[in-house]
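Only one structure is covered here, and it is reproduced in the block below.
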Amino acid sequence: MLEVPRSGRRPLRTNSKRKYLSRSLRLSNNSISDLAGLEFICDHFLAQPSRIGWLDLSFNQITSIDPVVCELRELHVLYLHGNRIWELSEVDKLRELQYLHTITLHGNTIETNKNYRKHVIFTLPHLKTMDFSGVTHEERVLADVFHLCSRRGKAAKKNPQ
């Protein structure tokens, strides 16, 4: 954690406490398996950690979405592609992120579920882009219909007549 982030095209600005004035955090390609220390990292490096708008956790070893991600209320973009998330229900945890409009989840085991895209689009109604592909109005309608039909199917199984 002592390593100074590489500067890109624009110089990294810091405040008087030498914390970065950034709303983006890129932690890709780090073999991270859980997000237990994410709060500490954010507090240590960023001037306003609660204002993160873009979080890149791609190409790690993450198997579940930690509740700490849901505390980032201003999150707009979340990259989780190339991890090891295998349960589709993990996406449900992100439901409360009302500003989340872009997510990547491809390259995770959940991608093999035939209802993967429909489930994510239904669960995250503010999405505009998923897996670097735009979410269309038709996809949103189909996701809503699919969800309605699957709920009816579950209800019928519980209460057979």
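Chain labels run A, B, ... following the order of the structure tokens; each chain numbers its residues from 1, and ligands are numbered from 1 in the order shown.
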
Show me, as a list in words, the residues that have an atom within 7 Å of Cys70 of chain A when counting only C-alpha atoms, minus same-chain residues fewer than 2 positions from it.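 Result of the neighbour search: Pro67, Val68, Leu72, Arg73, Leu94, Glu96 and Leu97 of chain A.
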
Could you name the residues that touch Phe45 of chain A at 9 Å or less, counting only C-alpha atoms, but leaving out those on the same chain fewer than 6 positions away, as a count of residues only? 3

I'd like the contact shell of Asn115 of chain A - 10 Å cut-off, only C-alpha atoms, skipping same-chain residues fewer than 3 positions apart - returned as a ChimeraX atom specification. /A:88,110-112,118-120,143,146-147

Export of prior selection with N, CA and C atoms as a PDB file, in the first residue's frame:
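Dumped everything to selection05.pdb:
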ATOM      1  N   LEU A  88     -26.007 -15.893  -9.244  1.00  0.00           N
ATOM      2  CA  LEU A  88     -26.726 -14.776  -9.849  1.00  0.00           C
ATOM      3  C   LEU A  88     -27.328 -13.860  -8.785  1.00  0.00           C
ATOM      4  N   ILE A 110     -21.421 -16.668 -13.457  1.00  0.00           N
ATOM      5  CA  ILE A 110     -22.847 -16.330 -13.587  1.00  0.00           C
ATOM      6  C   ILE A 110     -23.242 -16.074 -15.030  1.00  0.00           C
ATOM      7  N   GLU A 111     -22.281 -15.741 -15.869  1.00  0.00           N
ATOM      8  CA  GLU A 111     -22.554 -15.466 -17.272  1.00  0.00           C
ATOM      9  C   GLU A 111     -23.112 -16.699 -17.999  1.00  0.00           C
ATOM     10  N   THR A 112     -22.853 -17.893 -17.471  1.00  0.00           N
ATOM     11  CA  THR A 112     -23.329 -19.115 -18.124  1.00  0.00           C
ATOM     12  C   THR A 112     -24.807 -19.400 -17.845  1.00  0.00           C
ATOM     13  N   LYS A 118     -31.090 -10.999 -18.456  1.00  0.00           N
ATOM     14  CA  LYS A 118     -32.443 -10.583 -18.046  1.00  0.00           C
ATOM     15  C   LYS A 118     -32.495 -10.289 -16.545  1.00  0.00           C
ATOM     16  N   HIS A 119     -31.882 -11.162 -15.769  1.00  0.00           N
ATOM     17  CA  HIS A 119     -31.892 -10.982 -14.313  1.00  0.00           C
ATOM     18  C   HIS A 119     -31.181  -9.686 -13.915  1.00  0.00           C
ATOM     19  N   VAL A 120     -30.021  -9.439 -14.472  1.00  0.00           N
ATOM     20  CA  VAL A 120     -29.254  -8.241 -14.120  1.00  0.00           C
ATOM     21  C   VAL A 120     -30.015  -6.984 -14.538  1.00  0.00           C
ATOM     22  N   ALA A 143     -37.043  -8.396 -19.775  1.00  0.00           N
ATOM     23  CA  ALA A 143     -36.600  -8.726 -18.413  1.00  0.00           C
ATOM     24  C   ALA A 143     -37.761  -8.608 -17.432  1.00  0.00           C
ATOM     25  N   PHE A 146     -40.099 -11.572 -18.111  1.00  0.00           N
ATOM     26  CA  PHE A 146     -39.472 -12.787 -17.602  1.00  0.00           C
ATOM     27  C   PHE A 146     -39.614 -12.875 -16.093  1.00  0.00           C
ATOM     28  N   HIS A 147     -39.340 -11.774 -15.409  1.00  0.00           N
ATOM     29  CA  HIS A 147     -39.433 -11.759 -13.949  1.00  0.00           C
ATOM     30  C   HIS A 147     -40.866 -12.037 -13.495  1.00  0.00           C
TER      31      HIS A 147
END

Counting only C-alpha atoms, which residues of segment 51-123 of chain A sit at most 6 Å from some atom of segment 30-39 of chain A, and what is each one's closest atom pair with its distance in Å to one decimal, listed by chain and rising residue number, as CSV?
residue,atom,partner,partner_atom,distance
A:Asn60,CA,A:Ser31,CA,4.5
A:Gln61,CA,A:Ser33,CA,4.5
A:Ile62,CA,A:Ser33,CA,4.4

Save out the residues we just selected, N, CA, C and O atoms, as a PDB file, in the first residue's frame.
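What landed in out-v6.pdb:
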ATOM      1  N   ASN A  60      -9.860 -10.067 -10.888  1.00  0.00           N
ATOM      2  CA  ASN A  60      -9.403 -10.445  -9.565  1.00  0.00           C
ATOM      3  C   ASN A  60      -9.927 -11.847  -9.271  1.00  0.00           C
ATOM      4  O   ASN A  60     -10.221 -12.599 -10.200  1.00  0.00           O
ATOM      5  N   GLN A  61     -10.072 -12.195  -8.023  1.00  0.00           N
ATOM      6  CA  GLN A  61     -10.543 -13.529  -7.612  1.00  0.00           C
ATOM      7  C   GLN A  61     -11.815 -13.422  -6.777  1.00  0.00           C
ATOM      8  O   GLN A  61     -12.085 -14.288  -5.944  1.00  0.00           O
ATOM      9  N   ILE A  62     -12.586 -12.379  -6.983  1.00  0.00           N
ATOM     10  CA  ILE A  62     -13.765 -12.095  -6.165  1.00  0.00           C
ATOM     11  C   ILE A  62     -14.874 -13.110  -6.454  1.00  0.00           C
ATOM     12  O   ILE A  62     -15.210 -13.356  -7.610  1.00  0.00           O
TER      13      ILE A  62
END

From chain A, collect each residue whose DSSP state is alpha helix (DSSP H) and return the set as a PDB file with C-alpha atoms, in the first residue's frame.
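Listed below is the output, out34.pdb:
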ATOM      1  CA  LEU A  38     -11.861  -1.776   0.767  1.00  0.00           C
ATOM      2  CA  GLU A  39     -13.054   0.832   3.272  1.00  0.00           C
ATOM      3  CA  PHE A  40      -9.545   1.199   4.688  1.00  0.00           C
ATOM      4  CA  ILE A  41      -7.998   1.552   1.223  1.00  0.00           C
ATOM      5  CA  CYS A  42     -10.546   4.177   0.222  1.00  0.00           C
ATOM      6  CA  ASP A  43     -10.085   6.139   3.448  1.00  0.00           C
ATOM      7  CA  HIS A  44      -6.310   5.911   3.197  1.00  0.00           C
ATOM      8  CA  PHE A  45      -5.950   7.135  -0.391  1.00  0.00           C
ATOM      9  CA  PRO A  67     -21.863  -5.144   1.288  1.00  0.00           C
ATOM     10  CA  VAL A  68     -19.120  -2.487   1.415  1.00  0.00           C
ATOM     11  CA  VAL A  69     -19.709  -1.904  -2.317  1.00  0.00           C
ATOM     12  CA  CYS A  70     -23.348  -1.054  -1.588  1.00  0.00           C
ATOM     13  CA  TYR A 116     -28.130 -13.876 -16.697  1.00  0.00           C
ATOM     14  CA  ARG A 117     -28.688 -10.712 -18.739  1.00  0.00           C
ATOM     15  CA  LYS A 118     -32.443 -10.583 -18.046  1.00  0.00           C
ATOM     16  CA  HIS A 119     -31.892 -10.982 -14.313  1.00  0.00           C
ATOM     17  CA  VAL A 120     -29.254  -8.241 -14.120  1.00  0.00           C
ATOM     18  CA  ILE A 121     -31.317  -5.812 -16.225  1.00  0.00           C
ATOM     19  CA  PHE A 122     -34.425  -6.420 -14.125  1.00  0.00           C
ATOM     20  CA  THR A 123     -32.542  -6.178 -10.824  1.00  0.00           C
ATOM     21  CA  HIS A 137     -35.840  -0.756 -24.195  1.00  0.00           C
ATOM     22  CA  GLU A 138     -36.799  -4.163 -25.619  1.00  0.00           C
ATOM     23  CA  GLU A 139     -34.395  -5.954 -23.265  1.00  0.00           C
ATOM     24  CA  ARG A 140     -35.857  -4.086 -20.305  1.00  0.00           C
ATOM     25  CA  VAL A 141     -39.406  -5.064 -21.288  1.00  0.00           C
ATOM     26  CA  LEU A 142     -38.369  -8.713 -21.798  1.00  0.00           C
ATOM     27  CA  ALA A 143     -36.600  -8.726 -18.413  1.00  0.00           C
ATOM     28  CA  ASP A 144     -39.749  -7.406 -16.718  1.00  0.00           C
ATOM     29  CA  VAL A 145     -41.932 -10.020 -18.452  1.00  0.00           C
ATOM     30  CA  PHE A 146     -39.472 -12.787 -17.602  1.00  0.00           C
ATOM     31  CA  HIS A 147     -39.433 -11.759 -13.949  1.00  0.00           C
ATOM     32  CA  LEU A 148     -43.227 -11.627 -13.806  1.00  0.00           C
ATOM     33  CA  CYS A 149     -43.532 -15.083 -15.406  1.00  0.00           C
ATOM     34  CA  SER A 150     -40.886 -16.611 -13.151  1.00  0.00           C
ATOM     35  CA  ARG A 151     -42.653 -15.232 -10.065  1.00  0.00           C
ATOM     36  CA  ARG A 152     -45.943 -16.730 -11.234  1.00  0.00           C
ATOM     37  CA  GLY A 153     -44.213 -20.049 -11.859  1.00  0.00           C
ATOM     38  CA  LYS A 154     -42.768 -20.080  -8.356  1.00  0.00           C
ATOM     39  CA  ALA A 155     -46.152 -19.198  -6.859  1.00  0.00           C
ATOM     40  CA  ALA A 156     -47.830 -22.023  -8.796  1.00  0.00           C
ATOM     41  CA  LYS A 157     -45.266 -24.525  -7.512  1.00  0.00           C
ATOM     42  CA  LYS A 158     -45.901 -23.416  -3.908  1.00  0.00           C
TER      43      LYS A 158
END
